[in-house]
Structures are given as C-alpha cells and as structure tokens.
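Student: Can you read through this structure? Questions will come right after.
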Amino acid sequence: MQHSVLFDPSFSMLEVELAPGEVLQTEAGSLVSRSSNINMTTRMNAGTGASFMDKLKSFCIAILKKILGGESFFVNEFTPTDSKPAKVTIAPIMPGSIVHKHLDKTSITLQGGAYLASVGTLSIKVVFAGLKALFSGHGLFFLQISGTGDLFFNAYGGIMTKDIDGTFMLDTGHLVAFDPSLSYRIAAAGNLKSTFLSGEGLVMNFSGKGRLWFQSRNVGALVSFVNPRLPQ
C-alpha cells in the first residue's frame, strides 16, 4: 500500500493507492474521491459473523463505539475491482494533521474520534478511561487499536510527538494518542482557585516510557468560543 498526506498540517487529506486484494477501512463520511475501479461496501463498525449471535454482538459493539468511543456507527471498505492499482482520497471532519502509524502485533490508544482509516488486521476496542475522564472533555472511554497493519489517525490542528521517559503533563483537550506502555492519572491543573479561574481545567499526568501524540488546538475551547455566538 502506498500513501501520501496532502496539505498537511492545516487541511490534511489522505491519498491511498491500493494494490489488488488490499482493503482500506475508513470512518464513514470521510470519502473525498475514488478511482472508477474501486468498490465500496458499508458495514457496522464491529466484528462480523454468520450466526444470529455474531450479528447481535456486532450490533452491540457498533453501538458502544458510537456512543462511548465517538466513532461512526458504520465504516466503509474500499477494494480494487480488477488487477490494476486504485486510489482513494479521504479527509477528516476537523482541519488538522493526519498521522500514519504502522503496527506490528502492537497497540496504540486513541482519543474518541481520532480514528480515520486502516489497512490490515487491526481490531478496535473501547476501553474504560476512568471516571475522572468524564469531566476532562474526552468522555469515559478511549479506543485501543491492536494487531498488524497501517493505521491513520487525525488531530485538530498540528500534531506533536513526545517521547516520554519519566513524567509529562498534558491538558486533556489536546490529547490525541499514546502508547499503552504509558500510565496516566487525571488531576486538576492547579489548586481550586486556578482550576476554575485560569480556564485550564484538568490535565493528564503521564508516567512511564513511551510515545505521546498531542494536538495544537482544543475542540472544547472551539465549542466554548462558538456557542455563545450562535443564534438562540
């Protein structure tokens, strides 16, 4: 699979060239364009199976990913229809960077809504983030991507990586992804006064050894800025 990220970092768009037999799974609603020799199918954002219980399980998992993980209820799958390579271009909803991460029987944890696309045998699970995460703006759950393949996830704004060997503090609204080798706890940004008056709110204190991805903009801050200006 060949790929390139266009217009990074402001308004990134992902272009993927698929070889015959390769399948690209994408978040629903992200398609920009595709070659004429590409077939698109849509399925629930969960595992598949032939029996009634398998289908019921897939339905329940898809609902969990939608409500708890911030992902679409459906995903699209693209594959070439002949022996010629074919191209697909997709783009996330929010303007910002797209990151490529190759997994080789490894895992990565994403914030809800960061998943964009993948190729390979990758599974997506909803994992509990802790009760304090409910007040952080991220909800109670993260997405854990595991297996072997190529993963693409997106950010709001530019994205930075931080290799941690020790501790690191990050505002909760700027989190994108992190290695499962890192542990974290959610705490106030300061004392009671500064937490409520500084506008900083909660932070994530990471510890351990691994990589962290964070974004230059905060979706929650954007919502707070726009909401008072909307017609009532």
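Simple scheme: letters A, B, ... for chains in structure tokens order, numbers from 1 for residues in each chain, numbers from 1 for ligands in the order shown.
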Considering only C-alpha atoms, return as a list in words whatever protein or nucleic-acid residues lie within 10 Å of Leu170 in chain A, sequence-local ones (same chain, fewer than 6 positions apart) excluded.

Tutor: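 Final neighbour list, sorted by chain and number: Ile186, Ala189, Leu202, Val203, Met204, Asn205, Phe206, Leu212 and Phe214 of chain A.
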
Student: Counting only C-alpha atoms, what is within 12 Å of Gly21 in chain A, bar same-chain residues fewer than 2 positions away, as a PDB file with N, CA and C atoms, in the first residue's frame?

Tutor:
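Output file result_24.pdb is given in full below:
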```
ATOM      1  N   MET A   1       0.829  -1.194   0.000  1.00  0.00           N
ATOM      2  CA  MET A   1       0.000   0.000   0.000  1.00  0.00           C
ATOM      3  C   MET A   1       0.866   1.248   0.000  1.00  0.00           C
ATOM      4  N   GLU A  17      -3.081   4.464  -2.328  1.00  0.00           N
ATOM      5  CA  GLU A  17      -3.107   3.634  -3.536  1.00  0.00           C
ATOM      6  C   GLU A  17      -3.141   2.171  -3.108  1.00  0.00           C
ATOM      7  N   LEU A  18      -4.201   1.477  -3.479  1.00  0.00           N
ATOM      8  CA  LEU A  18      -4.401   0.092  -3.083  1.00  0.00           C
ATOM      9  C   LEU A  18      -4.012  -0.858  -4.211  1.00  0.00           C
ATOM     10  N   ALA A  19      -3.286  -1.890  -3.848  1.00  0.00           N
ATOM     11  CA  ALA A  19      -2.977  -2.962  -4.788  1.00  0.00           C
ATOM     12  C   ALA A  19      -4.154  -3.933  -4.822  1.00  0.00           C
ATOM     13  N   VAL A  23      -7.554  -3.954   1.203  1.00  0.00           N
ATOM     14  CA  VAL A  23      -8.804  -3.350   1.650  1.00  0.00           C
ATOM     15  C   VAL A  23      -8.495  -2.174   2.575  1.00  0.00           C
ATOM     16  N   LEU A  24      -9.074  -1.028   2.276  1.00  0.00           N
ATOM     17  CA  LEU A  24      -8.936   0.161   3.118  1.00  0.00           C
ATOM     18  C   LEU A  24     -10.241   0.371   3.869  1.00  0.00           C
ATOM     19  N   ILE A  38     -12.709   1.045  -8.065  1.00  0.00           N
ATOM     20  CA  ILE A  38     -12.783   0.813  -6.620  1.00  0.00           C
ATOM     21  C   ILE A  38     -14.218   0.448  -6.248  1.00  0.00           C
ATOM     22  N   ASN A  39     -14.358  -0.600  -5.455  1.00  0.00           N
ATOM     23  CA  ASN A  39     -15.668  -0.983  -4.938  1.00  0.00           C
ATOM     24  C   ASN A  39     -15.776  -0.567  -3.481  1.00  0.00           C
ATOM     25  N   GLU A  77     -15.541   0.253   3.431  1.00  0.00           N
ATOM     26  CA  GLU A  77     -14.387  -0.530   2.998  1.00  0.00           C
ATOM     27  C   GLU A  77     -14.231  -0.395   1.490  1.00  0.00           C
ATOM     28  N   PHE A  78     -12.995  -0.094   1.060  1.00  0.00           N
ATOM     29  CA  PHE A  78     -12.689   0.116  -0.351  1.00  0.00           C
ATOM     30  C   PHE A  78     -11.691  -0.941  -0.817  1.00  0.00           C
ATOM     31  N   THR A  79     -11.936  -1.522  -1.967  1.00  0.00           N
ATOM     32  CA  THR A  79     -11.008  -2.510  -2.533  1.00  0.00           C
ATOM     33  C   THR A  79     -11.053  -2.439  -4.053  1.00  0.00           C
ATOM     34  N   PRO A  80      -9.914  -2.624  -4.740  1.00  0.00           N
ATOM     35  CA  PRO A  80      -9.902  -2.604  -6.208  1.00  0.00           C
ATOM     36  C   PRO A  80     -10.751  -3.733  -6.783  1.00  0.00           C
ATOM     37  N   THR A  81     -11.364  -3.463  -7.925  1.00  0.00           N
ATOM     38  CA  THR A  81     -12.229  -4.457  -8.572  1.00  0.00           C
ATOM     39  C   THR A  81     -11.514  -5.243  -9.668  1.00  0.00           C
ATOM     40  N   ASP A  82     -10.267  -4.861  -9.996  1.00  0.00           N
ATOM     41  CA  ASP A  82      -9.528  -5.574 -11.038  1.00  0.00           C
ATOM     42  C   ASP A  82      -8.063  -5.663 -10.648  1.00  0.00           C
ATOM     43  N   SER A  83      -7.220  -5.975 -11.615  1.00  0.00           N
ATOM     44  CA  SER A  83      -5.793  -6.193 -11.336  1.00  0.00           C
ATOM     45  C   SER A  83      -4.973  -4.911 -11.352  1.00  0.00           C
ATOM     46  N   LYS A  84      -5.617  -3.773 -11.521  1.00  0.00           N
ATOM     47  CA  LYS A  84      -4.905  -2.507 -11.578  1.00  0.00           C
ATOM     48  C   LYS A  84      -4.952  -1.810 -10.219  1.00  0.00           C
ATOM     49  N   PRO A  85      -3.902  -1.064  -9.863  1.00  0.00           N
ATOM     50  CA  PRO A  85      -3.941  -0.275  -8.638  1.00  0.00           C
ATOM     51  C   PRO A  85      -5.061   0.762  -8.694  1.00  0.00           C
ATOM     52  N   ALA A  86      -5.556   1.150  -7.543  1.00  0.00           N
ATOM     53  CA  ALA A  86      -6.648   2.123  -7.475  1.00  0.00           C
ATOM     54  C   ALA A  86      -6.406   3.080  -6.324  1.00  0.00           C
ATOM     55  N   VAL A 119      -5.528  -0.239   7.213  1.00  0.00           N
ATOM     56  CA  VAL A 119      -5.356  -1.356   6.296  1.00  0.00           C
ATOM     57  C   VAL A 119      -4.678  -2.472   7.079  1.00  0.00           C
ATOM     58  N   GLY A 120      -5.193  -3.686   6.978  1.00  0.00           N
ATOM     59  CA  GLY A 120      -4.570  -4.803   7.690  1.00  0.00           C
ATOM     60  C   GLY A 120      -5.522  -5.442   8.677  1.00  0.00           C
TER      61      GLY A 120
END
```

Student: If I take CA of Gly29 in chain A and CA of Leu143 in chain A, how far is one from the other in Å, to one decimal?

Tutor: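 It comes out at 19.1 Å.
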
Student: Within 12 Å of Pro9 in chain A, counting only C-alpha atoms, which residues qualify if same-chain residues fewer than 5 places away don't, as a list in words?

Tutor: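 My reading of the contact set: Leu14, Met94, Pro95, Gly96, Ser97, Ile98, Val99, Asn154, Ala155, Tyr156, Gly157, Gly158, Ile159, Met160, Gln215, Ser216 and Arg217 of chain A.
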
Student: Could you give me, as an MDAnalysis selection string, the residues within 6 Å of Ser30 in chain A, counting only C-alpha atoms and dropping anything in the same chain fewer than 6 positions from it?

Tutor: chainID A and resid 90:92

Student: Give me, please, the distance in Å between CA of Val219 in chain A and CA of Ser10 in chain A, quoted to one decimal.

Tutor: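 Pair CA of Val219 in chain A / CA of Ser10 in chain A returns 14.7 Å.
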
Student: Give the answer as one residue: which of A:Glu27, A:Asp150, A:Asp179, A:Asp165 has the shortest atom-to-atom distance to Ala114 in chain A, using only C-alpha atoms?

Tutor: A:Glu27

Student: Would you please work out which residue, of A:Phe7, A:Tyr184, A:Phe225, A:Phe152, is nearest to Leu122 in chain A when using only C-alpha atoms?

Tutor: A:Phe152

Student: One decimal, Å: what's the distance from CA of Ser4 in chain A over to CA of Ala177 in chain A, could you say?

Tutor: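 That distance, rounded to one decimal, is 20.6 Å.
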